[in-house]
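The block underneath contains the structure these notes are about, expressed in structure tokens.
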Amino acid sequence: MSLKYDLQFFAKDGPGGEKTEPATQKKLEDARKEGQVAKSREVSNAAMLFALFIFIGTAIAYYGRSFLNLFEVVYNRIPEWTVMYQGEMPYATIYSGLNLIVRRFLIIVLPALLIGFFVPFIANIVQVRWSPTTKPMKPKLSKLNPINGVKRIFSLNSLMELIKSLLKIGIIGWMAFLYLRQNQDKLLIIMDMPIMDALKLLSSTVVSLGIRISAAYLVIAAADFLYQKWKFSEDMKMTKQEVKDEYKNMEGDPQIKGKQRQRMMEASRRRMMQQLPQADVVITNPTHYAVAIKYDPDLYDAPYVVAKGSDYLAARIKEIARENNIEIVENKPLARMLYANVDVDQIVPPELYQAVAEVLAFVYHVQGKV
């Protein structure tokens, strides 16, 4: 009795072997389109908390006055409302009073709300650059699979998130404990202080503690960001087989091939235009075609084409020829034959020797070379 087995079964990460190759640019771009990027939520949260506590610390006097004014306005309107309606306020009056409170409250906290919105937004852009995508929002049946859900719960990533949460709670709790213990003498007499002094002390303590905790949170967030970048890089790694398959697919992509051909044509055209000043003569149609010919017996036994082009390129060839004092000869049939049958750097075919030789003889005679 014999057992069939596949050695690939024992390879890490399935077919193709172990994922040891860095992710290609195409895979990174595809992952980005799917919303997979190296990003830490802790950076956004920490930046928001730090910015909020800094803002509240600088605007604490403004908030104190604003909330006291709001309390005074509401408190002074209560007797007016109750006397006017003999202790029973109708629904419209209650709605009007609540509307006044909510509007005043929103105006007061609006700067803090704007900070809470824009700071995380900017922090995310700094991490991953601006590239919005809606694909992560699309429903996927795989997310409803209970087996996949259990795997996510008991995965290494979940364990790391648990460790990270415990670390955050431990560090932040320890910092809060140390700070409160250092200031316990002030806080213990808060009940014996006037109300305004007690509120000032309490608010300054909360803001000062919040800034310290936020600063520590920023350090944790920076470490988490570095970890997320490393983890994303590891997750995106590919097997050697995956790299080979992707390369084959890219080679077979018509768009990629088209771009490669375009780049090759542009390089060939630049090289051709650089060689053009060496030509002996330019034979034209005269408007549609232009073919530059050179005869160098040390290089070829027959004249050869240095450059050729039609329409705009033909006009450019004639322009460069004039700049370099190269003779331009009009010969419509010969120009068309050369353009259609002879490529750049190829010699003139035997059937056109006579016609090309006559043109070169004429040019050499004009230039006094013969």
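Chain identifiers are assigned as A, B, and so on, following the order in which chains appear in the structure tokens; residues are numbered from 1 within each chain, and ligands are numbered from 1 in order of appearance.
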
DSSP alpha helix (DSSP H) residues within segment 224-368 of chain A, as number ranges by chain: A: 224-236, 240-251, 254-275, 312-323, 332-341, 353-367

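The strand (DSSP E) portion of segment 123-323 of chain A consists of Val281, Val282, Ile283, Thr284, Tyr289, Ala290, Val291, Ala292, Ile293, Lys294, Tyr304, Val305, Val306, Ala307, Lys308, Gly309 and Ser310 of chain A, with states taken from DSSP on the backbone.
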
Please produce a file of those selected residues containing N, CA and C atoms, as a compact mmCIF listing (two decimals), in the first residue's frame.
# COMPACT_ATOMS: atom_id res chain seq x y z
N VAL A 281 22.07 64.38 -46.88
CA VAL A 281 20.95 64.97 -47.61
C VAL A 281 19.64 64.52 -46.98
N VAL A 282 18.60 65.34 -47.11
CA VAL A 282 17.25 64.98 -46.68
C VAL A 282 16.36 64.99 -47.91
N ILE A 283 15.76 63.85 -48.23
CA ILE A 283 14.88 63.72 -49.40
C ILE A 283 13.45 63.84 -48.91
N THR A 284 12.66 64.75 -49.54
CA THR A 284 11.32 65.04 -49.05
C THR A 284 10.26 64.78 -50.11
N TYR A 289 6.57 63.43 -46.15
CA TYR A 289 7.66 62.53 -45.79
C TYR A 289 9.00 63.25 -45.86
N ALA A 290 9.92 62.77 -45.01
CA ALA A 290 11.30 63.26 -45.04
C ALA A 290 12.21 62.12 -44.64
N VAL A 291 13.25 61.83 -45.46
CA VAL A 291 14.18 60.74 -45.19
C VAL A 291 15.60 61.29 -45.29
N ALA A 292 16.36 61.16 -44.18
CA ALA A 292 17.74 61.64 -44.17
C ALA A 292 18.68 60.50 -44.56
N ILE A 293 19.58 60.77 -45.53
CA ILE A 293 20.49 59.76 -46.08
C ILE A 293 21.94 60.17 -45.80
N LYS A 294 22.77 59.16 -45.53
CA LYS A 294 24.21 59.41 -45.36
C LYS A 294 24.97 58.27 -46.04
N TYR A 304 22.88 54.76 -46.30
CA TYR A 304 21.92 54.24 -45.33
C TYR A 304 21.05 55.37 -44.78
N VAL A 305 19.92 54.99 -44.18
CA VAL A 305 18.95 55.95 -43.66
C VAL A 305 19.34 56.35 -42.25
N VAL A 306 19.53 57.64 -42.03
CA VAL A 306 19.87 58.16 -40.69
C VAL A 306 18.62 58.45 -39.89
N ALA A 307 17.61 59.00 -40.57
CA ALA A 307 16.35 59.35 -39.89
C ALA A 307 15.25 59.41 -40.92
N LYS A 308 14.01 59.19 -40.46
CA LYS A 308 12.86 59.34 -41.35
C LYS A 308 11.64 59.68 -40.51
N GLY A 309 10.67 60.31 -41.16
CA GLY A 309 9.46 60.68 -40.43
C GLY A 309 8.41 61.20 -41.37
N SER A 310 7.16 61.28 -40.86
CA SER A 310 6.06 61.79 -41.66
C SER A 310 5.39 62.94 -40.92

Can you tell me how far atom CA of Lys19 of chain A sits from atom CA of Val243 of chain A, in Å to one decimal?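 Computing it gives 10.1 Å between the two atoms.
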
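Of note, atom CA of Glu34 of chain A and atom CA of Gln260 of chain A are spaced 26.9 Å apart.
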
Top pick for closest residue to Thr24 of chain A, considering A:Ala302, A:Glu330, A:Glu242, A:Thr287 and counting only C-alpha atoms: A:Glu242

Name all residues at most 12 Å from Ile347 of chain A (count only C-alpha atoms; drop same-chain ones fewer than 2 positions away) and give them as JSON, numbers by chain. {"A": [292, 293, 294, 295, 296, 297, 299, 300, 301, 302, 303, 304, 305, 306, 307, 338, 341, 342, 343, 344, 345, 349, 350, 351, 352, 353, 356]}

Generate a file of the selected residues that holds N, CA and C atoms, formatted as a compact mmCIF listing (two decimals), in the first residue's frame.
# COMPACT_ATOMS: atom_id res chain seq x y z
N ALA A 292 16.36 61.16 -44.18
CA ALA A 292 17.74 61.64 -44.17
C ALA A 292 18.68 60.50 -44.56
N ILE A 293 19.58 60.77 -45.53
CA ILE A 293 20.49 59.76 -46.08
C ILE A 293 21.94 60.17 -45.80
N LYS A 294 22.77 59.16 -45.53
CA LYS A 294 24.21 59.41 -45.36
C LYS A 294 24.97 58.27 -46.04
N TYR A 295 26.12 58.65 -46.65
CA TYR A 295 27.00 57.64 -47.24
C TYR A 295 28.35 57.70 -46.53
N ASP A 296 28.68 56.62 -45.84
CA ASP A 296 29.95 56.51 -45.12
C ASP A 296 30.59 55.18 -45.52
N PRO A 297 31.54 55.20 -46.51
CA PRO A 297 32.12 53.93 -46.99
C PRO A 297 32.85 53.15 -45.91
N LEU A 299 31.67 52.70 -42.97
CA LEU A 299 30.64 52.04 -42.15
C LEU A 299 29.82 51.04 -42.96
N TYR A 300 29.32 51.47 -44.12
CA TYR A 300 28.51 50.61 -44.98
C TYR A 300 28.99 50.73 -46.43
N ASP A 301 28.72 49.69 -47.22
CA ASP A 301 29.08 49.71 -48.64
C ASP A 301 28.09 50.53 -49.46
N ALA A 302 26.96 50.88 -48.87
CA ALA A 302 25.92 51.63 -49.58
C ALA A 302 25.39 52.73 -48.67
N PRO A 303 24.72 53.75 -49.23
CA PRO A 303 24.08 54.78 -48.39
C PRO A 303 23.07 54.15 -47.44
N TYR A 304 22.88 54.76 -46.30
CA TYR A 304 21.92 54.24 -45.33
C TYR A 304 21.05 55.37 -44.78
N VAL A 305 19.92 54.99 -44.18
CA VAL A 305 18.95 55.95 -43.66
C VAL A 305 19.34 56.35 -42.25
N VAL A 306 19.53 57.64 -42.03
CA VAL A 306 19.87 58.16 -40.69
C VAL A 306 18.62 58.45 -39.89
N ALA A 307 17.61 59.00 -40.57
CA ALA A 307 16.35 59.35 -39.89
C ALA A 307 15.25 59.41 -40.92
N LEU A 338 11.59 55.22 -50.03
CA LEU A 338 12.53 55.07 -48.91
C LEU A 338 11.80 54.98 -47.58
N ASN A 341 10.05 51.46 -47.26
CA ASN A 341 10.79 50.21 -47.40
C ASN A 341 12.10 50.13 -46.61
N VAL A 342 12.59 51.25 -46.09
CA VAL A 342 13.88 51.24 -45.41
C VAL A 342 13.73 51.81 -44.01
N ASP A 343 14.17 51.04 -43.02
CA ASP A 343 14.13 51.51 -41.63
C ASP A 343 15.39 52.30 -41.31
N VAL A 344 15.36 52.98 -40.15
CA VAL A 344 16.50 53.76 -39.70
C VAL A 344 17.69 52.83 -39.46
N ASP A 345 18.88 53.26 -39.86
CA ASP A 345 20.14 52.52 -39.73
C ASP A 345 20.23 51.34 -40.70
N PRO A 349 18.18 49.66 -50.41
CA PRO A 349 18.14 48.43 -51.22
C PRO A 349 18.71 48.67 -52.62
N PRO A 350 19.21 47.60 -53.26
CA PRO A 350 19.85 47.74 -54.57
C PRO A 350 18.98 48.42 -55.62
N GLU A 351 17.67 48.17 -55.61
CA GLU A 351 16.82 48.76 -56.64
C GLU A 351 16.72 50.28 -56.54
N LEU A 352 17.17 50.85 -55.40
CA LEU A 352 17.12 52.29 -55.25
C LEU A 352 18.51 52.93 -55.28
N TYR A 353 19.53 52.10 -55.53
CA TYR A 353 20.90 52.63 -55.57
C TYR A 353 21.02 53.80 -56.55
N VAL A 356 19.24 57.10 -55.48
CA VAL A 356 19.90 57.73 -54.33
C VAL A 356 21.27 58.25 -54.73

Given the choices A:Ile320, A:Leu159, A:Asn76, A:Arg261, which gets closest to Ala279 of chain A if the distance is worked out from only C-alpha atoms?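 Looking at the shortest contact to Ala279 of chain A, the residue is A:Ile320.
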
When you look at Ile54 of chain A with a cut-off of 12 Å (counting only C-alpha atoms), what residues show up, excluding the ones that are within fewer than 2 positions of it in the same chain? I need them as a ChimeraX atom specification. /A:47-52,56-60,112,115,204,206-215

What separates atom CA of Lys332 of chain A and atom CA of His288 of chain A is a distance of 9.4 Å

Produce a table with one row for each residue of segment 217-281 of chain A that has an atom at most 12 Å from any atom of segment 172-195 of chain A, each row naming the nearest atom pair and its distance in Å at one decimal; use only C-alpha atoms; arrange rows by chain and rising residue number; format as a tab-separated table.
residue	atom	partner	partner_atom	distance
A:Tyr217	CA	A:Ile172	CA	7.7
A:Leu218	CA	A:Ile172	CA	11.3
A:Val219	CA	A:Ile172	CA	11.5
A:Ile220	CA	A:Ile172	CA	10.2

Okay, now the selection with N, CA and C atoms, as a PDB file, in the first residue's frame?
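Result file is result22.pdb:
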ATOM      1  N   TYR A 217       0.518  58.804  25.692  1.00  0.00           N
ATOM      2  CA  TYR A 217      -0.246  58.100  24.667  1.00  0.00           C
ATOM      3  C   TYR A 217       0.378  58.297  23.284  1.00  0.00           C
ATOM      4  N   LEU A 218       0.929  59.500  23.030  1.00  0.00           N
ATOM      5  CA  LEU A 218       1.597  59.767  21.763  1.00  0.00           C
ATOM      6  C   LEU A 218       2.818  58.865  21.579  1.00  0.00           C
ATOM      7  N   VAL A 219       3.562  58.649  22.666  1.00  0.00           N
ATOM      8  CA  VAL A 219       4.726  57.762  22.594  1.00  0.00           C
ATOM      9  C   VAL A 219       4.275  56.336  22.264  1.00  0.00           C
ATOM     10  N   ILE A 220       3.206  55.892  22.929  1.00  0.00           N
ATOM     11  CA  ILE A 220       2.662  54.556  22.650  1.00  0.00           C
ATOM     12  C   ILE A 220       2.179  54.469  21.206  1.00  0.00           C
TER      13      ILE A 220
END

Taking 3 positions as the minimum chain separation for residues in the same chain, which residues sit within 12 Å of Glu319 of chain A when counting only C-alpha atoms? Answer as a list in words.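 In the requested form, the answer reads Met273, Leu276, Pro277, Val282, Ala290, Tyr312, Leu313, Ala314, Ala315, Arg316, Arg322, Glu323, Asn324, Asn325, Ile326, Glu327 and Ile328 of chain A.
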